[in-house]
Amino acid sequence: MTSAKKILCIGAGYVGGPTMAMIASKCPRCRVTVVDIDPERIAAWNSDELPIYEPGLDQLVAAARGRNLFFSTDIEAGIRENDIIFVSVNTPTKAFGLGAGMAADLQYWEKTARQILAFSVSSKIVIEKSTLPVKTALAMERILNSSANGVFFDVLSNPEFLAEGTAIRDLEQPDRILIGSRETERGLKARETLAEIYAYWVPREKIITSNIWSSELSKLVANAFLAQRISSINAVSALCEKAEADVTEVAHAVGMDSRIGAKFLNAGIGFGGSCFRKDILNLLYLCRNYGLEEVADYWESVVKINDYQQERFIRNMLGAMFNTLAGKRICLWGFAFKANTSDTRESPAIFVTRRLLEERAEVVVSDPKALKNARMDLAGAAGRVSFVEDPVRAAEGCHAIALLTEWDLYRHLDLRKIFETMEKPAFIFDGRNILDHRRCFDIGFNVYPLGKPPLTHF
Ligand code: NAD
Ligand code: UGA
């Protein structure tokens, strides 16, 4: 049995909250505290209405909160009292100065490092949980070990691979846990201390270790590879529409090759979420910094195809609806960047809504979990956008439905009833290919799937 551990996580977001809830749940001998500068977020973590929606999270938090899981705004006490510190603050794309629009903005990260240094009275293990550019640990070490007060910090890299919507399952049964450290005696000891925590529930063969730079880079590369698969199949979807092929059939045939694999081959309106875009931009900025222009161009093309796919969706709508959307009511089914989350960060729905408004359409936004975030994202567009949670009511009087998030509930709606309440000719643009297109067509809709021939009554 390993000894009890006092753990702190700085940053109570989509990663910090669920990850720490899992550690607290699986390691009853650990005492886990999560701190944040945002008092509203902490209050929500301490309430019955958590700040994020994630299937299974409510029960996990409720079982551990107050027992060995605590949420607090007292960052200073948290740092003083704990020995192992995860840092899970946001690392968005830099919006100013050198590297604007590409490099990672490390201000929150560095502020945290300085806070750890200022409030520590004993040596600690500091763990990079946020996704960071390679060599950030070096900067972290330099800041943390800059004071000659006898306190020493071991910096580890332990990137998080969870996906939103499946976070609890991903945390409980991870494909792997990656821990990068310095390959010194101290570094290896710190690595083992962290491995012991995961070993409470993750099989040892899935806890892999590496040098610290490989670990930092592996996270960026994993996201880049996943995003690249999506851009690849989305590029193919454009070709399928021209060649009268069906992208689902192509993906199925290609994915059955065990060397390629079937996952992450769903064509759609492009990837969203807070990380893919930011992490690829981060990767290509690194490449450019090292003078690897061709490598940077290669990764940039993944982002370009993603932008192209979103614009292509709008152009297809325009073309199908007689080249004008002005004054037409368009209902959006889904606003979250994927199903089973309330998160709308970088959601393609934001782009689609903006472009529809540019075309002077009226937009009705519907989503089962993300309307609160959607309202904030579209705050400037008041009056031309309305928000209706019920997808059936949202479609009433609309000229078209654009399905943007693959929520399961959209598969089970009474489409005949919906068709009757809409303007004619009625259109469906299925940006996720989840509807029964033949059935929609038989009801009377003009159907535009993605990467497949349209089914129209014209
Ligand atoms: P988030 O924005 O949801 O949460 C970050 C939190 O950090 C915020 O609540 C913010 O208030 C807090 N914070 C910022 N500066 C602070 C400071 N100085 N002291 C205390 N708290 C501070 O972000 P997230 O989605 O949880 O992502 C965090 C990191 O994890 C990012 O680097 C991201 O790339 C990475 N990541 C995210 C996911 C995901 O699914 N969201 C998955 C894997 C990795
Ligand atoms: C992604 C990765 O999957 C995680 O491993 C990683 O930890 C995380 O980013 C991160 O670093 O933040 P996430 O963005 O939560 O997780 O969700 P994904 O399931 O990867 O979906 C991302 C986007 O790609 C969504 O918009 C989704 O709709 C889209 N997607 C996904 C497709 O269009 N097609 C697919 O086949 C799969």
# chains A, B, ... in the order shown; residues from 1 in each chain; ligands from 1
$ select_by_dssp --residues "range 57-237 of chain A" --states "strand (DSSP E or B)" --output "PyMOL selection string"
chain A and resi 65+69-72+84-87+93+104+124-128+153-157+177-181+207-211
$ closest_atom_pairs --of "chain A" --to "ligand 2" --cutoff "6 Å" --atoms "only C-alpha atoms and all ligand atoms" --output "CSV"
residue,atom,partner,partner_atom_place_in_ligand_line,distance
A:Glu160,CA,ligand 2,7 (O),5.5
A:Phe161,CA,ligand 2,7 (O),3.3
A:Leu162,CA,ligand 2,7 (O),4.2
A:Ala163,CA,ligand 2,15 (O),3.5
A:Glu164,CA,ligand 2,15 (O),3.7
A:Asn223,CA,ligand 2,2 (C),5.9
A:Ile230,CA,ligand 2,34 (N),5.3
A:Phe264,CA,ligand 2,36 (O),3.2
A:Leu265,CA,ligand 2,36 (O),4.2
A:Asn266,CA,ligand 2,36 (O),3.6
A:Ala267,CA,ligand 2,34 (N),5.5
A:Gly268,CA,ligand 2,33 (O),4.8
A:Gly270,CA,ligand 2,33 (O),5.2
A:Phe271,CA,ligand 2,26 (O),3.8
A:Gly272,CA,ligand 2,26 (O),3.8
A:Gly273,CA,ligand 2,14 (O),4.7
A:Cys275,CA,ligand 2,12 (O),4.4
A:Phe276,CA,ligand 2,9 (O),5.9
A:Phe337,CA,ligand 2,26 (O),4.6
A:Lys338,CA,ligand 2,28 (O),4.4
$ atom_distance --atom1 "CA of Gln107 in chain A" --atom2 "CA of Asp83 in chain A"
23.6 Å
$ residues_near_ligand --ligand "ligand 1" --cutoff "6 Å" --atoms "only C-alpha atoms and all ligand atoms" --output "CSV table (one decimal) with N, CA, C and O atoms, in the first residue's frame"
chain,number,residue,atom,x,y,z
A,10,ILE,N,-4.2,23.2,-9.7
A,10,ILE,CA,-4.5,24.6,-9.9
A,10,ILE,C,-5.2,24.7,-11.3
A,10,ILE,O,-4.6,24.3,-12.3
A,11,GLY,N,-6.4,25.2,-11.3
A,11,GLY,CA,-7.2,25.2,-12.5
A,11,GLY,C,-8.4,24.2,-12.4
A,11,GLY,O,-8.1,23.0,-12.5
A,12,ALA,N,-9.6,24.7,-12.2
A,12,ALA,CA,-10.7,23.9,-12.0
A,12,ALA,C,-11.6,23.8,-13.2
A,12,ALA,O,-12.8,24.1,-13.2
A,13,GLY,N,-11.0,23.5,-14.4
A,13,GLY,CA,-11.8,23.6,-15.6
A,13,GLY,C,-12.2,22.2,-16.1
A,13,GLY,O,-12.4,21.3,-15.3
A,14,TYR,N,-12.3,22.0,-17.4
A,14,TYR,CA,-12.8,20.8,-18.0
A,14,TYR,C,-11.8,19.6,-17.7
A,14,TYR,O,-12.2,18.5,-17.7
A,15,VAL,N,-10.6,19.9,-17.5
A,15,VAL,CA,-9.6,18.9,-17.2
A,15,VAL,C,-9.4,18.8,-15.7
A,15,VAL,O,-9.5,17.7,-15.1
A,16,GLY,N,-9.1,19.9,-15.0
A,16,GLY,CA,-8.8,19.8,-13.6
A,16,GLY,C,-9.9,19.2,-12.8
A,16,GLY,O,-9.7,18.3,-12.0
A,36,ASP,N,-8.9,27.6,-8.0
A,36,ASP,CA,-9.1,28.4,-9.2
A,36,ASP,C,-9.2,29.8,-8.8
A,36,ASP,O,-9.6,30.2,-7.7
A,37,ILE,N,-8.8,30.7,-9.7
A,37,ILE,CA,-8.9,32.1,-9.5
A,37,ILE,C,-10.4,32.6,-9.7
A,37,ILE,O,-10.7,33.7,-9.3
A,38,ASP,N,-11.2,31.8,-10.3
A,38,ASP,CA,-12.5,32.2,-10.6
A,38,ASP,C,-13.5,31.7,-9.5
A,38,ASP,O,-13.9,30.5,-9.4
A,88,SER,N,-3.3,22.8,-14.2
A,88,SER,CA,-4.2,22.5,-15.3
A,88,SER,C,-4.9,23.8,-15.8
A,88,SER,O,-6.1,23.8,-16.0
A,89,VAL,N,-4.1,24.9,-15.8
A,89,VAL,CA,-4.7,26.2,-16.3
A,89,VAL,C,-4.8,26.2,-17.8
A,89,VAL,O,-4.3,25.4,-18.5
A,90,ASN,N,-5.6,27.1,-18.3
A,90,ASN,CA,-5.8,27.2,-19.7
A,90,ASN,C,-4.5,27.8,-20.4
A,90,ASN,O,-3.8,28.6,-19.9
A,91,THR,N,-4.3,27.3,-21.6
A,91,THR,CA,-3.2,27.7,-22.4
A,91,THR,C,-3.7,28.0,-23.8
A,91,THR,O,-3.4,27.3,-24.8
A,108,TYR,N,-0.9,32.5,-18.1
A,108,TYR,CA,-1.6,31.9,-17.0
A,108,TYR,C,-0.6,30.9,-16.3
A,108,TYR,O,-0.6,30.7,-15.1
A,111,LYS,N,2.2,32.6,-14.5
A,111,LYS,CA,1.7,33.2,-13.2
A,111,LYS,C,1.6,32.1,-12.2
A,111,LYS,O,2.0,32.3,-11.0
A,112,THR,N,1.1,31.0,-12.6
A,112,THR,CA,1.0,29.9,-11.7
A,112,THR,C,2.3,29.4,-11.1
A,112,THR,O,2.5,29.2,-9.9
A,130,SER,N,-1.7,20.8,-18.1
A,130,SER,CA,-2.1,21.5,-19.3
A,130,SER,C,-1.3,21.1,-20.5
A,130,SER,O,-0.2,20.5,-20.4
A,131,THR,N,-1.8,21.4,-21.7
A,131,THR,CA,-1.0,21.1,-23.0
A,131,THR,C,-0.1,22.2,-23.3
A,131,THR,O,-0.6,23.4,-23.3
A,160,GLU,N,-2.9,15.2,-20.5
A,160,GLU,CA,-4.2,14.6,-20.4
A,160,GLU,C,-4.8,14.3,-21.8
A,160,GLU,O,-4.8,15.2,-22.6
A,161,PHE,N,-5.3,13.1,-21.9
A,161,PHE,CA,-5.8,12.7,-23.3
A,161,PHE,C,-7.3,12.5,-23.3
A,161,PHE,O,-7.9,12.0,-24.3
A,162,LEU,N,-8.0,12.9,-22.2
A,162,LEU,CA,-9.5,12.7,-22.2
A,162,LEU,C,-10.2,13.5,-23.3
A,162,LEU,O,-9.7,14.6,-23.7
A,163,ALA,N,-11.3,13.0,-23.8
A,163,ALA,CA,-12.1,13.8,-24.7
A,163,ALA,C,-13.4,14.2,-24.0
A,163,ALA,O,-13.9,13.4,-23.1
A,164,GLU,N,-13.9,15.4,-24.2
A,164,GLU,CA,-15.1,15.8,-23.6
A,164,GLU,C,-16.3,14.9,-24.0
A,164,GLU,O,-16.3,14.4,-25.2
A,275,CYS,N,-9.2,22.6,-28.2
A,275,CYS,CA,-7.8,22.1,-28.3
A,275,CYS,C,-7.2,21.8,-29.7
A,275,CYS,O,-6.1,22.2,-30.0
$ select_by_dssp --residues "range 256-449 of chain A" --states "alpha helix (DSSP H)" --output "number ranges by chain"
A: 276-289, 293-320, 348-358, 371-377, 391-395, 415-421, 437-443
$ atom_distance --atom1 "CA of Asn433 in chain A" --atom2 "CA of Leu450 in chain A"
6.3 Å
$ closest_atom_pairs --of "range 163-213 of chain A" --to "range 149-157 of chain A" --cutoff "12 Å" --atoms "only C-alpha atoms" --output "tab-separated table"
residue	atom	partner	partner_atom	distance
A:Ile177	CA	A:Ser157	CA	10.7
A:Leu178	CA	A:Ser157	CA	7.9
A:Ile179	CA	A:Ser157	CA	5.7
A:Gly180	CA	A:Ser157	CA	4.8
A:Ser181	CA	A:Leu156	CA	4.9
A:Arg182	CA	A:Leu156	CA	7.7
A:Glu183	CA	A:Leu156	CA	10.7
A:Thr184	CA	A:Asp154	CA	10.3
A:Glu185	CA	A:Asp154	CA	10.8
A:Arg186	CA	A:Asp154	CA	7.3
A:Gly187	CA	A:Asp154	CA	6.4
A:Leu188	CA	A:Leu156	CA	9.7
A:Lys189	CA	A:Asp154	CA	9.4
A:Ala190	CA	A:Asp154	CA	6.7
A:Arg191	CA	A:Leu156	CA	7.0
A:Glu192	CA	A:Leu156	CA	10.7
A:Thr193	CA	A:Leu156	CA	10.7
A:Leu194	CA	A:Leu156	CA	8.9
A:Ala195	CA	A:Leu156	CA	11.1
A:Ile208	CA	A:Ser157	CA	11.8
A:Thr209	CA	A:Ser157	CA	9.7
A:Ser210	CA	A:Ser157	CA	9.3
A:Asn211	CA	A:Ser157	CA	9.0
A:Ile212	CA	A:Ser157	CA	6.0
A:Trp213	CA	A:Ser157	CA	8.3
$ residues_around --residues "Phe70 in chain A" --least-positions-apart "2" --cutoff "8 Å" --atoms "only C-alpha atoms" --output "ChimeraX atom specification"
/A:32-34,65-68,72
$ closest_residue --among "A:Leu117, A:Ile207, A:Glu216, A:Ala320" --to "Ala148 in chain A" --atoms "only C-alpha atoms"
A:Leu117
$ atom_distance --atom1 "CA of Leu138 in chain A" --atom2 "CA of Arg114 in chain A"
14.1 Å
$ residues_around --residues "Tyr410 in chain A" --least-positions-apart "2" --cutoff "8 Å" --atoms "only C-alpha atoms" --output "PDB file with N, CA, C and O atoms, in the first residue's frame"
ATOM      1  N   TRP A 333     -29.776  22.630 -35.277  1.00  0.00           N
ATOM      2  CA  TRP A 333     -29.895  21.550 -34.288  1.00  0.00           C
ATOM      3  C   TRP A 333     -28.495  21.276 -33.772  1.00  0.00           C
ATOM      4  O   TRP A 333     -27.674  20.661 -34.457  1.00  0.00           O
ATOM      5  N   PRO A 391     -36.112  21.030 -29.961  1.00  0.00           N
ATOM      6  CA  PRO A 391     -35.785  21.052 -31.398  1.00  0.00           C
ATOM      7  C   PRO A 391     -37.018  21.079 -32.287  1.00  0.00           C
ATOM      8  O   PRO A 391     -36.961  21.587 -33.414  1.00  0.00           O
ATOM      9  N   GLU A 406     -24.046  16.035 -33.158  1.00  0.00           N
ATOM     10  CA  GLU A 406     -24.612  14.685 -33.310  1.00  0.00           C
ATOM     11  C   GLU A 406     -25.310  14.205 -32.040  1.00  0.00           C
ATOM     12  O   GLU A 406     -25.150  13.049 -31.620  1.00  0.00           O
ATOM     13  N   TRP A 407     -26.113  15.074 -31.383  1.00  0.00           N
ATOM     14  CA  TRP A 407     -26.875  14.642 -30.196  1.00  0.00           C
ATOM     15  C   TRP A 407     -27.806  13.502 -30.594  1.00  0.00           C
ATOM     16  O   TRP A 407     -28.502  13.584 -31.616  1.00  0.00           O
ATOM     17  N   ASP A 408     -27.845  12.483 -29.751  1.00  0.00           N
ATOM     18  CA  ASP A 408     -28.651  11.307 -30.043  1.00  0.00           C
ATOM     19  C   ASP A 408     -30.128  11.653 -30.224  1.00  0.00           C
ATOM     20  O   ASP A 408     -30.827  11.034 -31.019  1.00  0.00           O
ATOM     21  N   HIS A 412     -34.230  10.646 -33.067  1.00  0.00           N
ATOM     22  CA  HIS A 412     -35.510  10.036 -32.685  1.00  0.00           C
ATOM     23  C   HIS A 412     -36.684  11.017 -32.735  1.00  0.00           C
ATOM     24  O   HIS A 412     -37.666  10.846 -32.025  1.00  0.00           O
ATOM     25  N   LEU A 413     -36.574  12.068 -33.527  1.00  0.00           N
ATOM     26  CA  LEU A 413     -37.654  13.062 -33.555  1.00  0.00           C
ATOM     27  C   LEU A 413     -38.721  12.667 -34.572  1.00  0.00           C
ATOM     28  O   LEU A 413     -38.452  11.916 -35.513  1.00  0.00           O
ATOM     29  N   LEU A 435     -28.931  11.452 -39.642  1.00  0.00           N
ATOM     30  CA  LEU A 435     -30.362  11.228 -39.891  1.00  0.00           C
ATOM     31  C   LEU A 435     -30.548  10.122 -40.936  1.00  0.00           C
ATOM     32  O   LEU A 435     -29.614   9.785 -41.671  1.00  0.00           O
TER      33      LEU A 435
END
$ closest_residue --among "A:Gly99, A:Gly334, A:Pro18, A:Pro92" --to "Asn289 in chain A" --atoms "only C-alpha atoms"
A:Gly99
$ closest_residue --among "A:Lys263, A:Arg345, A:Arg393, A:Lys124" --to "Ile79 in chain A" --atoms "only C-alpha atoms"
A:Lys124
